[in-house]
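Student: My questions will all concern the structure given below.
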Amino acid sequence: MKPIWIVDDDQSIRFVLEKALLREGLPTRSFTSPREVLAALENATEDDGPQILVSDIRMPGGSGLELLEKVHVKLPGLPVIIMTAFSDLDSAVSAFQGGAFEYLPKPFDLPKAVELIRRAVEESQREEVAEERMAAAPEMLGQAPAMQDVFRAIGRLSQSMVTVMITGESGSGKELVARALHKHSPRANGPFIAINTAAIPKDLLESELFGHERGAFTGAQTMRRGRFEQADGGTLFLDEIGDMPFDLQTRLLRVLSDGHFYRVGGHTAVKANVRVIAATHQDLEQRVKDGGFREDLFHRLNVIRLRLPALRERREDVFMLTRHFLQQSAKQLGVEPKRISDAALQQLSNFSFPGNVRQLENICHWLTVMAPAQVIEPKDLPPEVLGATPGLSKTLAPVEKTEAVKPEWVEVPEMVPGTHQPESSAPAAQQPAMAGLEQNGQNWQNWESGLEAEASALLAAGRSDVWDVLTRRFEAKLIQTALLNTRGRRIEAAQKLGIGRNTITRKIQELNLE
């Protein structure tokens with residue numbers, strides 16, 4: 001990770017922040033004046049530039065606000081946190097609220113300062129991952145007539161600023177279409193901000209969209225810009241718009257009408273110049289009839305509608321998508337790309353893919369890890385594709401034992417392809433998978449039997465560290481599987497496992513999983 005740059009003429013502030021961030025495993029680089037920062041930026045490469053910048057507001061030889069302005073010219077996407085004394089607060093907030101990521105009032109609580117910096121780092125890393133994925137891979141793949149229609153529509157809309165509604169089943173690639181619309185629009189140099197409205201609790205969604213003022217509610221220690229402000233000059237992608245709470249739909253309609261909104265707890269209108277692209281897998285017309293979605297908002301969003309076909313409607317694209325995802329998986333895992341036989345490809349193309357392109361991508365990740373040979377044959381395909389009853393419990397059956405006392409098994413639900421996961425990360429979305437385990441208890445018992453046999457073998461051998469050995473293996477497998485599922489994104493893996501980001505970082509170090 002690139003270092004966090006700290007600029008402050010107060011040595012004690014620099015020292016305290018450096019030590020606190022190093023304890024969190026975050027590298028730092030310190031400066032005493034804006035001049036030093038600007039000089040370092042001139043000589044910085046892409047690898048040793050700042051991950052984020054934390055700057056004081058009043059320093060000899062220059063102001064933190066002037067530094068912010070100059071840095072944003074050179075690095076427009078760099079998160080900048082401004083440190084300011086309470087006496088400077090009002091003027092500082094009004095001056096940099098459109099450009100700074102956040103502000104940090106002095107004197108600050110050190111743990112809260114570290115948490116704010118870590119949040120900025122996470123935001124920066126998410127943007128880097130998105131940019132890498134957009135730069136490294138083709139925007140979209142598809143030769144089927146239905147996809148060619150989508151490509152032509154994107155081309156026709158390339159110079160338009162009109163609001164677009166993308167419809168299609170979950171996993172069909174709606175965000176890719178939104179990114180393509182942004183990339184080929186006059187706003188391409190502005191930010192692309194995506195938010196899944198179904199994945200954020202109702203109580204937090206308003207603050208996430210519109211931001212909040214300091215003290216607006218318990219825990220609001222600083223002012224925070226919402227997604228609309230972050231997307232100013234660019235595009236805001238509202239995924240799963242059909243799940244937006246009804247009362248928030250009214251606020252969204254007002255923003256779409258005149259471009260003005262209020263932060264939570266705020267009294268001053270904020271204006272954002274944002275193009276909105278919305279997406280949903282739901283039938284919004286029916287939602288309007290049922291009273292769950294505002295009709296006026298529906299018509300405001302539904303100016304141009306793009307329907308994205310399901311993968312089963314474009315089976316001829318399975319071949320090129322499979323080869324692309326196998327190459328992508330191998331690159332991410334640092335292994336030799338696997339090849340797939342024509343017979344296996346044909347069998348794969350006959351599958352219905354209820355999870356669409358996302359499911360095919362997961363299958364390719366699974367094959368990269370689980371297929372025994374370098375060439376994937378039909379017998380190597382997962383049970384769902386081969387015609388076995390789909391479901392999580394199928395993958396928990398033990399594999400063939402190589403030793404009588406050391407059975408091996410697959411105990412990693414997150415690696416299972418074909419198990420269609422809702423896009424929401426809410427706990428309710430996990431219930432069907434758990435229900436499947438409870439309904440087919442036999443396979444779960446087989447997994448437990450394998451664990452019991454492993455423990456018995458170690459105990460019989462006179463080992464006195466059985467607990468540590470098996471716990472380490474269990475934790476390592478869980479973390480590796482979650483990281484595979486999230487393509488190496490630690491924060492997302494921690495969320496899926498239900499642990500904190502500090503915990504997963506510490507465990508990765510303890511278990512030598514780096």
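Just so we're on the same page: first chain in the structure tokens is A, next is B, and so on; residues restart at 1 for each chain, and ligands are numbered from 1 in the order they show up.
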Could you give me, as an NGL selection string, each residue of region 216-397 of chain A that DSSP assigns to strand (DSSP E or B) when run on this structure's backbone?
Tutor: :A and (224 or 235-239 or 260-261 or 264 or 270-271 or 275-280 or 304-307 or 339-340 or 375-376)
Student: Emit the selected residues as a short mmCIF file (atom, residue, chain, number, x, y, z; two decimals), in the first residue's frame, including N, CA and C atoms.
Tutor:
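In the end it all went to again.cif:
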data_model
loop_
_atom_site.label_atom_id
_atom_site.label_comp_id
_atom_site.auth_asym_id
_atom_site.auth_seq_id
_atom_site.Cartn_x
_atom_site.Cartn_y
_atom_site.Cartn_z
N ARG A 224 -19.82 14.90 6.91
CA ARG A 224 -19.47 13.91 5.90
C ARG A 224 -20.22 14.19 4.61
N THR A 235 -20.94 10.82 -12.51
CA THR A 235 -22.11 9.96 -12.61
C THR A 235 -22.35 9.24 -11.29
N LEU A 236 -23.60 9.18 -10.87
CA LEU A 236 -24.00 8.41 -9.68
C LEU A 236 -24.85 7.23 -10.14
N PHE A 237 -24.40 6.03 -9.82
CA PHE A 237 -25.11 4.81 -10.20
C PHE A 237 -25.87 4.29 -8.99
N LEU A 238 -27.20 4.30 -9.07
CA LEU A 238 -28.07 3.83 -7.99
C LEU A 238 -28.54 2.42 -8.34
N ASP A 239 -27.86 1.43 -7.78
CA ASP A 239 -28.22 0.04 -8.07
C ASP A 239 -29.36 -0.41 -7.17
N HIS A 260 -30.71 20.24 -6.02
CA HIS A 260 -30.39 20.72 -4.67
C HIS A 260 -30.86 19.71 -3.63
N PHE A 261 -30.12 19.66 -2.53
CA PHE A 261 -30.51 18.79 -1.41
C PHE A 261 -29.89 19.33 -0.13
N VAL A 264 -28.12 15.59 6.06
CA VAL A 264 -28.85 15.27 7.28
C VAL A 264 -28.38 16.21 8.39
N VAL A 270 -27.31 22.28 -0.73
CA VAL A 270 -26.10 21.91 -1.45
C VAL A 270 -26.50 21.57 -2.88
N LYS A 271 -25.74 22.05 -3.84
CA LYS A 271 -26.05 21.76 -5.24
C LYS A 271 -25.02 20.79 -5.79
N ARG A 275 -25.10 13.22 -13.05
CA ARG A 275 -25.95 12.41 -13.92
C ARG A 275 -26.29 11.13 -13.18
N VAL A 276 -27.56 10.78 -13.14
CA VAL A 276 -28.00 9.60 -12.41
C VAL A 276 -28.31 8.47 -13.39
N ILE A 277 -27.74 7.31 -13.11
CA ILE A 277 -28.08 6.07 -13.81
C ILE A 277 -28.61 5.11 -12.75
N ALA A 278 -29.79 4.59 -12.97
CA ALA A 278 -30.41 3.69 -12.00
C ALA A 278 -30.51 2.28 -12.59
N ALA A 279 -30.60 1.29 -11.72
CA ALA A 279 -30.73 -0.10 -12.17
C ALA A 279 -31.62 -0.87 -11.21
N THR A 280 -32.29 -1.87 -11.72
CA THR A 280 -33.13 -2.72 -10.87
C THR A 280 -33.37 -4.05 -11.56
N ILE A 304 -34.73 6.88 -20.50
CA ILE A 304 -34.25 5.89 -21.46
C ILE A 304 -34.08 4.58 -20.70
N ARG A 305 -34.64 3.51 -21.25
CA ARG A 305 -34.53 2.22 -20.56
C ARG A 305 -33.68 1.27 -21.40
N LEU A 306 -32.70 0.66 -20.75
CA LEU A 306 -31.87 -0.37 -21.37
C LEU A 306 -32.15 -1.69 -20.67
N ARG A 307 -32.56 -2.67 -21.43
CA ARG A 307 -32.77 -4.00 -20.85
C ARG A 307 -31.55 -4.86 -21.14
N ARG A 339 -7.03 -24.36 -19.25
CA ARG A 339 -7.76 -24.41 -20.51
C ARG A 339 -9.00 -25.28 -20.32
N ILE A 340 -9.97 -25.09 -21.18
CA ILE A 340 -11.20 -25.85 -21.06
C ILE A 340 -11.50 -26.52 -22.39
N VAL A 375 -6.19 -29.00 -18.11
CA VAL A 375 -7.28 -28.93 -19.08
C VAL A 375 -8.57 -29.37 -18.40
N ILE A 376 -9.56 -28.52 -18.40
CA ILE A 376 -10.84 -28.81 -17.72
C ILE A 376 -11.70 -29.67 -18.63
#
Student: Pick out the residues sitting within 10 Å of region 160-170 of chain A, and hand them over as a ChimeraX atom specification; count only C-alpha atoms, and ignore anything fewer than 4 positions along from it in its own chain.
Tutor: /A:154-156,174-175,177-178,181-182,184-187,235,237-241,256,274-284,298,300-311,354-359,420-423
Student: Using only C-alpha atoms, which protein or nucleic acid residues come within 8 Å of Gln51 (chain A)? Drop anything in the same chain fewer than 4 positions from it, and give the result as a short mmCIF file (atom, residue, chain, number, x, y, z; two decimals) with N, CA and C atoms, in the first residue's frame.
Tutor:
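Below you can see result31.cif, which holds the result:
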data_model
loop_
_atom_site.label_atom_id
_atom_site.label_comp_id
_atom_site.auth_asym_id
_atom_site.auth_seq_id
_atom_site.Cartn_x
_atom_site.Cartn_y
_atom_site.Cartn_z
N MET A 1 0.83 -1.20 0.00
CA MET A 1 0.00 0.00 0.00
C MET A 1 0.87 1.25 0.00
N LYS A 2 0.44 2.27 -0.70
CA LYS A 2 1.17 3.53 -0.73
C LYS A 2 1.06 4.23 0.63
N PRO A 3 2.01 5.12 0.96
CA PRO A 3 2.00 5.74 2.29
C PRO A 3 0.93 6.82 2.43
N ILE A 4 0.59 7.07 3.69
CA ILE A 4 -0.29 8.19 4.03
C ILE A 4 0.59 9.39 4.30
N TRP A 5 0.38 10.46 3.55
CA TRP A 5 1.19 11.66 3.72
C TRP A 5 0.57 12.56 4.78
N LEU A 78 -7.59 11.96 -5.15
CA LEU A 78 -6.90 11.70 -3.88
C LEU A 78 -7.75 12.19 -2.71
N PRO A 79 -8.08 11.32 -1.74
CA PRO A 79 -8.80 11.78 -0.55
C PRO A 79 -7.90 12.66 0.31
N VAL A 121 -8.71 5.58 3.45
CA VAL A 121 -7.87 4.59 2.76
C VAL A 121 -8.74 3.57 2.04
N SER A 124 -10.22 5.04 -1.01
CA SER A 124 -9.20 5.18 -2.04
C SER A 124 -8.91 3.84 -2.70
#
Student: Determine the nearest neighbour of Glu66 (chain A) from the options A:Pro34, A:Gly211, A:Val80, A:Gln286, counting only C-alpha atoms.
Tutor: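 Answer, going by the shortest atom-to-atom distance: A:Pro34.
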Student: Got a sec: who's within 12 Å of Pro245 (chain A), counting only C-alpha atoms, leaving out chain neighbours fewer than 6 positions off, as a ChimeraX atom specification?
Tutor: /A:197-198,200-206,251-252,291-294
Student: Do you know which residues are at most 8 Å from region 314-321 of chain A counting only C-alpha atoms, after dropping those on the same chain fewer than 6 positions away, and could you put them as a list in words?
Tutor: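 Counting only the stated atoms, we get Leu141, Gly142, Gln143, Ala144, Pro145, Ala146, Met147, Leu345, Leu348, Ser349 and Asn350 of chain A.
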Student: Within 9 Å of Arg35 (chain A), counting only C-alpha atoms, which residues qualify if same-chain residues fewer than 6 places away don't, as a PDB file with N, CA and C atoms, in the first residue's frame?
Tutor:
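The resulting file, part-v4.pdb, is reproduced below:
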ATOM      1  N   GLY A  61       4.443  29.175   5.413  1.00  0.00           N
ATOM      2  CA  GLY A  61       4.784  28.884   4.022  1.00  0.00           C
ATOM      3  C   GLY A  61       3.635  28.377   3.195  1.00  0.00           C
ATOM      4  N   GLY A  62       2.412  28.475   3.698  1.00  0.00           N
ATOM      5  CA  GLY A  62       1.283  28.050   2.877  1.00  0.00           C
ATOM      6  C   GLY A  62       0.122  27.545   3.698  1.00  0.00           C
ATOM      7  N   LEU A  67      -3.097  24.142  -0.493  1.00  0.00           N
ATOM      8  CA  LEU A  67      -2.497  22.849  -0.836  1.00  0.00           C
ATOM      9  C   LEU A  67      -3.558  21.907  -1.397  1.00  0.00           C
TER      10      LEU A  67
END
Student: Kindly indicate which residue among A:Glu36, A:Glu361, A:Asp56, A:Asp9 lies nearest to Lys106 (chain A), using only C-alpha atoms for the distances.
Tutor: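 Ranked by minimum distance to Lys106 (chain A), first place goes to A:Asp56.
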Student: Could you check the closest approach to Leu326 (chain A) for each of A:Gln221, A:Asn196, A:Thr250, A:Thr368 and tell me which residue wins, using only C-alpha atoms?
Tutor: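 Closest to Leu326 (chain A), using only C-alpha atoms: A:Thr368.
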Student: Find the spatial neighbours of Val469 (chain A), counting only C-alpha atoms, within a cut-off of 12 Å - ignore same-chain residues fewer than 4 positions away - and output them as an MDAnalysis selection string.
Tutor: chainID A and resid 454:455 458:459 463:465 473:476 511
Student: What would the file look like if the residues just selected were written as a PDB file, in the first residue's frame with N, CA and C atoms?
Tutor:
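Written output follows (out-v2.pdb):
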ATOM      1  N   GLU A 454     -10.001 -36.371  11.910  1.00  0.00           N
ATOM      2  CA  GLU A 454      -8.740 -35.634  11.939  1.00  0.00           C
ATOM      3  C   GLU A 454      -8.283 -35.399  13.385  1.00  0.00           C
ATOM      4  N   ALA A 455      -9.215 -34.945  14.230  1.00  0.00           N
ATOM      5  CA  ALA A 455      -8.876 -34.703  15.632  1.00  0.00           C
ATOM      6  C   ALA A 455      -8.460 -36.002  16.317  1.00  0.00           C
ATOM      7  N   LEU A 458      -4.883 -36.986  15.420  1.00  0.00           N
ATOM      8  CA  LEU A 458      -3.872 -36.169  16.090  1.00  0.00           C
ATOM      9  C   LEU A 458      -3.766 -36.525  17.576  1.00  0.00           C
ATOM     10  N   LEU A 459      -4.917 -36.758  18.196  1.00  0.00           N
ATOM     11  CA  LEU A 459      -4.895 -37.139  19.619  1.00  0.00           C
ATOM     12  C   LEU A 459      -4.232 -38.492  19.818  1.00  0.00           C
ATOM     13  N   ARG A 463      -0.358 -35.815  20.236  1.00  0.00           N
ATOM     14  CA  ARG A 463      -0.151 -34.367  20.096  1.00  0.00           C
ATOM     15  C   ARG A 463      -0.823 -33.629  21.245  1.00  0.00           C
ATOM     16  N   SER A 464      -0.204 -32.549  21.691  1.00  0.00           N
ATOM     17  CA  SER A 464      -0.787 -31.737  22.760  1.00  0.00           C
ATOM     18  C   SER A 464      -1.208 -30.357  22.268  1.00  0.00           C
ATOM     19  N   ASP A 465      -1.167 -30.172  20.929  1.00  0.00           N
ATOM     20  CA  ASP A 465      -1.526 -28.871  20.358  1.00  0.00           C
ATOM     21  C   ASP A 465      -2.659 -29.012  19.355  1.00  0.00           C
ATOM     22  N   ARG A 473      -5.894 -24.133  11.012  1.00  0.00           N
ATOM     23  CA  ARG A 473      -6.273 -24.615   9.679  1.00  0.00           C
ATOM     24  C   ARG A 473      -7.687 -24.170   9.318  1.00  0.00           C
ATOM     25  N   PHE A 474      -8.575 -24.229  10.293  1.00  0.00           N
ATOM     26  CA  PHE A 474      -9.961 -23.830  10.068  1.00  0.00           C
ATOM     27  C   PHE A 474     -10.036 -22.336   9.730  1.00  0.00           C
ATOM     28  N   GLU A 475      -9.356 -21.513  10.532  1.00  0.00           N
ATOM     29  CA  GLU A 475      -9.380 -20.070  10.293  1.00  0.00           C
ATOM     30  C   GLU A 475      -8.721 -19.723   8.962  1.00  0.00           C
ATOM     31  N   ALA A 476      -7.594 -20.389   8.668  1.00  0.00           N
ATOM     32  CA  ALA A 476      -6.898 -20.116   7.412  1.00  0.00           C
ATOM     33  C   ALA A 476      -7.783 -20.436   6.208  1.00  0.00           C
ATOM     34  N   LEU A 511      -1.368 -16.140  10.549  1.00  0.00           N
ATOM     35  CA  LEU A 511      -1.448 -17.411   9.834  1.00  0.00           C
ATOM     36  C   LEU A 511      -0.539 -17.448   8.610  1.00  0.00           C
TER      37      LEU A 511
END
Student: Using only C-alpha atoms, which residue out of A:Ile195, A:Leu41, A:Leu297, A:Ala231 lies closest to Gln249 (chain A)?
Tutor: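 Checking each candidate against Gln249 (chain A), we get A:Leu297 as the closest.
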Student: Based on the backbone DSSP call, show me all residues of region 40-261 of chain A assigned alpha helix (DSSP H), as a PyMOL selection string.
Tutor: chain A and resi 40-43+64-74+89-96+110-136+145-156+174-183+202-210+227-230+246-258
Student: Would you mind listing, for every residue of region 39-123 of chain A within 12 Å of region 477-497 of chain A, the two atoms forming the shortest contact and the distance between them in Å to one decimal, using only C-alpha atoms, sorted by chain and ascending residue number, as a tab-separated table?
Tutor:
residue	atom	partner	partner_atom	distance
A:Arg118	CA	A:Ile491	CA	11.0
A:Arg119	CA	A:Ile491	CA	10.6
A:Val121	CA	A:Ile491	CA	11.2
A:Glu122	CA	A:Ile491	CA	8.0
A:Glu123	CA	A:Ile491	CA	10.8
Student: Emit the selected residues as a CSV table (one decimal), in the first residue's frame, including C-alpha atoms.
Tutor:
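What landed in again37.csv:
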chain,number,residue,atom,x,y,z
A,118,ARG,CA,-8.7,4.2,7.6
A,119,ARG,CA,-12.1,5.0,6.1
A,121,VAL,CA,-7.9,4.6,2.8
A,122,GLU,CA,-10.7,2.1,2.1
A,123,GLU,CA,-12.4,4.6,-0.2
Student: Report, in Å to a single decimal, how far apart CA of Arg14 (chain A) and CA of Ile52 (chain A) are.
Tutor: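 Between these atoms lies a distance of 14.8 Å.
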Student: For CA of Arg179 (chain A) and CA of Pro191 (chain A), determine how far apart the two atoms are, in Å to one decimal place.
Tutor: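 Spanning CA of Arg179 (chain A) to CA of Pro191 (chain A) is a straight-line distance of 10.5 Å.
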Student: Find the residue from A:Ala330, A:Met83, A:Val150, A:Leu381 that sits nearest to Ile13 (chain A); use only C-alpha atoms when measuring.
Tutor: A:Met83
Student: For a quick check of understanding, using only C-alpha atoms, which of A:Leu360, A:His324, A:Lys19, A:Ala272 has the smallest distance to Arg312 (chain A)?
Tutor: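 Using only C-alpha atoms, the shortest distance to Arg312 (chain A) belongs to A:Leu360.
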